[in-house]
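Inspection log for the structure reproduced underneath, given as structure tokens.
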There are 2 protein chains.
Amino acid sequence: MAIEITRSFIDDIKSAIHDGNDTYLSSLVSEQHPADIADIFYKLGFNEADYLLKILDNEKAAEVLIELDEELRDKLIGLRTSKEIAEIVIEHIDSDDAADVIAELPEQKKEEVLTLLQDVGQASDIVDLLTYDEDSAGGLMAKELIKVNLEWDLAYALREMRKQAENLDEVYTIYVVDEKNRLKGTLSLKKMLFSSSLKAKVKDIFNEENLHFAYAQDTSEAIAQIMRKYDLVVLPVLDENMTLLGRITIDDVVDVIQEEATEDYALASGLSEAVESDDKVWEVTRARIPWLLIGLAGGILVSQVIGIYEHQLAINPVLAFFIPLIAAMGGNVGVQSSAIVVQGLASQDNPIGGLMGRLWKELKVAFINAAICSVLVLAYSLVANPNPELGYTVAVSLFAVIIIASLFGTLIPLSLNFLKIDPALATGPFITTANDILGLIIYFMIAKAIYGI
Amino acid sequence: MAIEITRSFIDDIKSAIHDGNDTYLSSLVSEQHPADIADIFYKLGFNEADYLLKILDNEKAAEVLIELDEELRDKLIGLRTSKEIAEIVIEHIDSDDAADVIAELPEQKKEEVLTLLQDVGQASDIVDLLTYDEDSAGGLMAKELIKVNLEWDLAYALREMRKQAENLDEVYTIYVVDEKNRLKGTLSLKKMLFSSSLKAKVKDIFNEENLHFAYAQDTSEAIAQIMRKYDLVVLPVLDENMTLLGRITIDDVVDVIQEEATEDYALASGLSEAVESDDKVWEVTRARIPWLLIGLAGGILVSQVIGIYEHQLAINPVLAFFIPLIAAMGGNVGVQSSAIVVQGLASQDNPIGGLMGRLWKELKVAFINAAICSVLVLAYSLVANPNPELGYTVAVSLFAVIIIASLFGTLIPLSLNFLKIDPALATGPFITTANDILGLIIYFMIAKAIYGI
């Protein structure tokens with residue numbers, strides 16, 4: 001059960017802060033999970049949050065900070081001296097979180113904090129993690145893990161593991177390495193827990209089958225895919241010599257999966273970046289205006305295209321009636337086609353999957369859709385309008401527009417992907433606008449042919 | 001590293017199948033992970049897949065089957081007798097997967113398989129799981145878990161755990177219950193592994209803080225949210241008396257998160273159901289045609305709306321030039337607004353979050369966007385067109401359309417959510433079409449006012 005944060009609870013906290021009643025305040029939050037305390041922080045003013053942070057004990061404070069979103073965290077950390085950051089925050093968190101926090105500090109403070117860390121091993125782990133791209137396996141991994149040597153016996157391995165486990169909250173997997181720290185396999189906790197003899201050697205009971213791992217430079221998307229496919233809770237990270245560098249846990253990967261999905265969704269909806277409902281007015285505007293300007297430019301271009309046919313429109317103003325239908329259908333079909341491609345590329349059901357095969361299938365789908373829609377619109381036009389030319393024009397154009405928009409919607413994201421540009425950029429307003437223009441040119445050309453003007 | 005399945009490897013497998021060379025075939029796949037063998041299945045014909053399945057040993061065959069998508073799995077299982085299903089498949093998989101497989105069988109076969117299971121405990125676990133909705137915690141959970149009693153000492157607990165662990169691949173959490181099987185807390189594997197005394201009682205060393213759990217009827221979305229928030233790998237499921245029923249592992253929840261995201265994305269792109277790139281032509285068409293028909297109906301409605309203004313168009317055909325711009329901008333703005341609401345509702349940053357506050361903020365964003373776009377389009381019109389009325393008409397209408405589309409885009413998904421209808425339905429073609437119609441009515445009304453016709 002997630003804890004419900006009620007308004008009266010927040011009011012309680014606020015008044016305890018204002019009265020400086022630290023004992024009471026501490027009793028309100030000390031038993032709470034850091035993620036819940038982070039939620040409380042979002043409901044407080046900045047100064048209140050800062051006050052509450054100060055009365056938490058160091059370990060809890062550090063855990064709460066890493067649960068917060070980057071913006072609030074950086075602001076709160078910005079108020080602390082390098083010494084405080086090192087002692088209050090960094091020493092209490094895992095190396096991956098520590099690297100994330102330090103990466104956001106100004107250059108000088110970064111150096112200072114690293115120098116001030118008591119634990120030299122921790123400092124060098126963090127320095128090492130800072131060298132990786134944040135969207136790579138290296139950027140996601142933590143250095144804390146439990147590893148045993150192939151040649152050890154279980155009794156010795158247990159003693160070593162006990163030492164290593166001091167820095168860890170929970171143990172999920174025990175890695176087995178050789179004398180050069182190269183990953184050889186894993187040791188099952190279950191076997192370890194229930195093994196009857198402590199004299200057995202690690203190499204006699206460890207597991208080397210189906211060993212999954214990532215290289216430090218692998219992308220976070222690739223990591224997410226492997227962990228999802230093989231139902232992994234933790235994944236070891238190696239360098240090119242198979243040396244064990246660290247491990248990635250599923251909770252970090254769940255966040256990656258969620259963020260990816262959110263970004264693709266935002267792009268498909270015409271938002272240039274993911275927006276949260278509590279973002280500021282300016283942030284929301286900034287995410288929205290780029291696509292609106294593209295739409296505006298497209299609309300102006302379309303107006304010029306239609307301008308070419310002013311003469312026809314003056315003679316047959318009824319032609320204008322179906323402009324929105326043609327434009328909208330082109331847009332809708334294009335977005336559908338591109339979304340299918342984008343999803344297919346994201347899940348890599350079919351990594352390359354034969355371009356011609358995909359186009360051919362798309363063409364078959366487009367043909368069915370085009371036939372259904374054209375027949376319906378023709379039937380409507382013939383019933384509603386005395387003038388059959390209009391019906392023919394609309395039906396034939398709609399047919400052509402659906403076919404062409406489908407092919408366009410398929411080809412554009414595939415081409416972007418080929419050019420190593422995020423294909424999700426092709427969804428949303430971009431494809432809609434492109435198809436608006438194309439669709440209306442087809443419409444007026446067909447009108448010209450049918451009306452003979 | 002995921003294993004690459006090359007074309008030559010598949011060709012090797014195919015020819016081994018055709019030659020009936022079972023020994024070689026078995027050597028090709030026996031060391032592979034079930035998820036990789038599942039990928040191989042997708043590249044084979046149905047009869048080939050069926051052949052390959054038969055040469056796998058029972059446990060591997062069962063594991064491969066649960067990795068397959070439902071369609072292929074049900075087809076392959078459909079060829080087996082009830083006895084084969086019970087002995088080859090169900091007895092080798094966890095209760096949650098077993099329940100999923102059995103749920104898809106025809107009624108009579110379901111009964112037969114359950115009766116044929118050797119392990120009566122397993123059969124009753126499955127029958128129990130079948131009573132839950134598949135999108136609830138009960139539907140996601142498995143019955144296999146390790147639990148110890150508060151009153152046991154560690155030596156006894158270890159012996160009991162060893163028995164329970166026989167059915168489990170890996171142990172992540174040990175649950176602590178009282179004599180009535182009510183969940184009291186957890187026992188850390190780390191503590192268990194490194195505890196020096198086996199005489200300590202479970203109740204003296206177990207952990208009761210921050211105990212997270214779900215009730216069997218909780219929705220899968222709620223489960224995903226809790227596990228993500230608290231970084232959990234496994235979550236216990238209880239009934240209303242706090243009795244421990246089962247546990248949910250993160251891998252199942254990752255799939256839920258991914259599916260949710262995929263569905264929302266599909267809806268935003270005008271697909272009525274999530275489509276995979278290898279779905280059949282008819283499946284893809286079925287997903288696409290509903291929204292196209294809505295778009296078509298909308299387009300026809302719009303044509304009638306414009307029809308009202310035929311007289312104006314005949315006098316001023318230039319008015320038609322900006323029809324697509326007005327329609328497209330209304331649609332784009334509406335989709336953006338609704339996407340922000342849908343995402344906000346999905347992540348529940350701000351569960352209810354003050355309707356008026358949200359509308360007010362949306363209005364501010366809309367005002368800025370409307371002002372920027374209107375000024376730009378006015379500037380363009382005045383430069384490009386000799387006739388200033390057209391510029392004023394377009395600029396004023398665009399301003400009004402952006403404001404109204406924003407409010408509409410915000411209110412519709414919020415209303416759907418209030419009515420307990422999936423708000424994601426409001427994104428995509430639905431909101432686009434609604435805003436097309438609204439936008440053009442505004443446009444022609446303003447034209448009428450400005451041109452005075």
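Following the order of the structure tokens, chains are lettered A, B, ..., residues in each are numbered from 1, and ligands are numbered from 1.
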Requested in this report: May I have the residues within 9 Å of A:Leu235 as a PyMOL selection string, using only C-alpha atoms and disregarding those fewer than 4 positions away in the same chain?
Outcome: chain A and resi 141+212-214+223+226-227+246-250
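Candidate residues B:Lys203, B:His33, B:Lys143, B:Lys184 were compared for distance to chain A, and the nearest is B:His33, using only C-alpha atoms.
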Write out as a PDB file with all heavy atoms, in the first residue's frame the residues lying within 8 Å of A:Ala99, counting only C-alpha atoms and excluding same-chain residues fewer than 2 positions away.
```
ATOM      1  N   SER A  95      26.950   4.259  -5.174  1.00  0.00           N
ATOM      2  CA  SER A  95      27.824   4.977  -6.099  1.00  0.00           C
ATOM      3  C   SER A  95      27.089   5.524  -7.320  1.00  0.00           C
ATOM      4  O   SER A  95      27.423   6.590  -7.820  1.00  0.00           O
ATOM      5  CB  SER A  95      28.962   4.064  -6.544  1.00  0.00           C
ATOM      6  OG  SER A  95      28.432   2.865  -7.064  1.00  0.00           O
ATOM      7  N   ASP A  96      26.048   4.807  -7.804  1.00  0.00           N
ATOM      8  CA  ASP A  96      25.348   5.320  -8.995  1.00  0.00           C
ATOM      9  C   ASP A  96      24.602   6.605  -8.679  1.00  0.00           C
ATOM     10  O   ASP A  96      24.659   7.571  -9.434  1.00  0.00           O
ATOM     11  CB  ASP A  96      24.415   4.259  -9.608  1.00  0.00           C
ATOM     12  CG  ASP A  96      23.440   3.672  -8.612  1.00  0.00           C
ATOM     13  OD1 ASP A  96      23.659   3.794  -7.388  1.00  0.00           O
ATOM     14  OD2 ASP A  96      22.439   3.071  -9.053  1.00  0.00           O
ATOM     15  N   ASP A  97      23.923   6.629  -7.519  1.00  0.00           N
ATOM     16  CA  ASP A  97      23.223   7.844  -7.127  1.00  0.00           C
ATOM     17  C   ASP A  97      24.215   8.956  -6.813  1.00  0.00           C
ATOM     18  O   ASP A  97      23.999  10.117  -7.161  1.00  0.00           O
ATOM     19  CB  ASP A  97      22.345   7.571  -5.900  1.00  0.00           C
ATOM     20  CG  ASP A  97      21.236   6.573  -6.213  1.00  0.00           C
ATOM     21  OD1 ASP A  97      20.670   6.665  -7.321  1.00  0.00           O
ATOM     22  OD2 ASP A  97      20.957   5.703  -5.379  1.00  0.00           O
ATOM     23  N   VAL A 101      24.358  12.734  -8.424  1.00  0.00           N
ATOM     24  CA  VAL A 101      24.316  13.985  -7.653  1.00  0.00           C
ATOM     25  C   VAL A 101      25.533  14.840  -7.989  1.00  0.00           C
ATOM     26  O   VAL A 101      25.419  16.033  -8.277  1.00  0.00           O
ATOM     27  CB  VAL A 101      24.277  13.690  -6.131  1.00  0.00           C
ATOM     28  CG1 VAL A 101      24.519  14.958  -5.320  1.00  0.00           C
ATOM     29  CG2 VAL A 101      22.938  13.056  -5.754  1.00  0.00           C
ATOM     30  N   ILE A 102      26.709  14.220  -7.980  1.00  0.00           N
ATOM     31  CA  ILE A 102      27.941  14.987  -8.194  1.00  0.00           C
ATOM     32  C   ILE A 102      28.012  15.541  -9.617  1.00  0.00           C
ATOM     33  O   ILE A 102      28.490  16.653  -9.845  1.00  0.00           O
ATOM     34  CB  ILE A 102      29.174  14.124  -7.845  1.00  0.00           C
ATOM     35  CG1 ILE A 102      29.201  13.931  -6.324  1.00  0.00           C
ATOM     36  CG2 ILE A 102      30.470  14.753  -8.338  1.00  0.00           C
ATOM     37  CD1 ILE A 102      30.350  13.130  -5.798  1.00  0.00           C
ATOM     38  N   ALA A 103      27.480  14.776 -10.571  1.00  0.00           N
ATOM     39  CA  ALA A 103      27.518  15.238 -11.964  1.00  0.00           C
ATOM     40  C   ALA A 103      26.812  16.583 -12.130  1.00  0.00           C
ATOM     41  O   ALA A 103      27.152  17.367 -13.019  1.00  0.00           O
ATOM     42  CB  ALA A 103      26.882  14.190 -12.885  1.00  0.00           C
ATOM     43  N   ILE A 126      33.299   6.759  -7.822  1.00  0.00           N
ATOM     44  CA  ILE A 126      32.466   7.833  -8.370  1.00  0.00           C
ATOM     45  C   ILE A 126      33.150   8.487  -9.563  1.00  0.00           C
ATOM     46  O   ILE A 126      32.527   8.722 -10.603  1.00  0.00           O
ATOM     47  CB  ILE A 126      32.133   8.872  -7.275  1.00  0.00           C
ATOM     48  CG1 ILE A 126      31.277   8.211  -6.191  1.00  0.00           C
ATOM     49  CG2 ILE A 126      31.416  10.075  -7.878  1.00  0.00           C
ATOM     50  CD1 ILE A 126      31.058   9.074  -4.965  1.00  0.00           C
ATOM     51  N   VAL A 127      34.447   8.772  -9.408  1.00  0.00           N
ATOM     52  CA  VAL A 127      35.201   9.376 -10.516  1.00  0.00           C
ATOM     53  C   VAL A 127      35.090   8.490 -11.756  1.00  0.00           C
ATOM     54  O   VAL A 127      34.863   8.964 -12.872  1.00  0.00           O
ATOM     55  CB  VAL A 127      36.679   9.571 -10.124  1.00  0.00           C
ATOM     56  CG1 VAL A 127      37.509   9.961 -11.347  1.00  0.00           C
ATOM     57  CG2 VAL A 127      36.791  10.641  -9.044  1.00  0.00           C
ATOM     58  N   LEU A 129      32.656   6.317 -12.460  1.00  0.00           N
ATOM     59  CA  LEU A 129      31.292   6.355 -13.004  1.00  0.00           C
ATOM     60  C   LEU A 129      31.015   7.639 -13.778  1.00  0.00           C
ATOM     61  O   LEU A 129      30.238   7.652 -14.737  1.00  0.00           O
ATOM     62  CB  LEU A 129      30.267   6.204 -11.875  1.00  0.00           C
ATOM     63  CG  LEU A 129      30.173   4.817 -11.233  1.00  0.00           C
ATOM     64  CD1 LEU A 129      29.137   4.822 -10.124  1.00  0.00           C
ATOM     65  CD2 LEU A 129      29.804   3.769 -12.285  1.00  0.00           C
ATOM     66  N   LEU A 130      31.655   8.735 -13.334  1.00  0.00           N
ATOM     67  CA  LEU A 130      31.419  10.022 -14.000  1.00  0.00           C
ATOM     68  C   LEU A 130      31.909  10.028 -15.445  1.00  0.00           C
ATOM     69  O   LEU A 130      31.529  10.897 -16.227  1.00  0.00           O
ATOM     70  CB  LEU A 130      32.088  11.158 -13.216  1.00  0.00           C
ATOM     71  CG  LEU A 130      31.390  11.563 -11.902  1.00  0.00           C
ATOM     72  CD1 LEU A 130      32.244  12.557 -11.135  1.00  0.00           C
ATOM     73  CD2 LEU A 130      30.010  12.149 -12.199  1.00  0.00           C
TER      74      LEU A 130
END
```
Report task. Give the answer as one residue: which of A:Met242, A:Leu416, A:Ala371, A:Leu271 has the shortest atom-to-atom distance to chain B, using only C-alpha atoms? Result -> A:Leu271
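In this structure, atom CA of B:Gln304 sits 7.2 Å away from atom CA of A:Phe321.
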**Report entry** Top pick for closest residue to chain B, considering A:Ile174, A:Leu65, A:Leu187, A:Ile326 and counting only C-alpha atoms
**Finding:** A:Ile326
Requested in this report: May I have the residues within 6 Å of A:Leu378 as a ChimeraX atom specification, using only C-alpha atoms and disregarding those fewer than 4 positions away in the same chain?
Outcome: /A:374,391,395
Query - Using only C-alpha atoms: which of A:Leu117, A:Ile402, A:Ala328, A:Leu359 has the shortest distance to chain B - result: A:Ala328
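For the residues B:Leu419, B:Leu390, B:Val302, B:Ala142, ranking by smallest atom-to-atom distance to chain A using only C-alpha atoms places B:Val302 first.
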Requested in this report: Could you pull out the residues in stretch 344-445 of chain A that DSSP calls helix (DSSP H, G or I) from the backbone, as a PyMOL selection string?
Outcome: chain A and resi 344-347+355-384+388-418+423-426+429-445
Query raised in the report: Using only C-alpha atoms, which of the listed residues (A:Glu107, A:Asp169, A:Glu70, A:Asp239) sits closest to chain B?
Result: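 Of the candidates, the smallest distance to chain B is held by A:Asp169.
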Report task. Give me the residues within 9 Å of A:Gln118 as a list in words, counting only C-alpha atoms and dropping any in the same chain fewer than 5 places off. Result ->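 Here the answer would be Ala86, Glu87, Glu91 and Ala123 of chain A.
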For those residues, write N, CA and C atoms to a file as a PDB file, in the first residue's frame.
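Result file is selection06.pdb:
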```pdb
ATOM      1  N   ALA A  86      29.460  16.136   1.003  1.00  0.00           N
ATOM      2  CA  ALA A  86      30.243  14.900   1.127  1.00  0.00           C
ATOM      3  C   ALA A  86      29.774  14.082   2.324  1.00  0.00           C
ATOM      4  N   GLU A  87      29.643  14.732   3.464  1.00  0.00           N
ATOM      5  CA  GLU A  87      29.373  13.968   4.691  1.00  0.00           C
ATOM      6  C   GLU A  87      27.904  13.609   4.870  1.00  0.00           C
ATOM      7  N   GLU A  91      28.213  10.155   1.322  1.00  0.00           N
ATOM      8  CA  GLU A  91      28.687   8.976   2.051  1.00  0.00           C
ATOM      9  C   GLU A  91      27.585   7.984   2.380  1.00  0.00           C
ATOM     10  N   ALA A 123      35.376   7.415  -3.511  1.00  0.00           N
ATOM     11  CA  ALA A 123      35.698   8.547  -4.377  1.00  0.00           C
ATOM     12  C   ALA A 123      36.163   8.064  -5.752  1.00  0.00           C
TER      13      ALA A 123
END
```
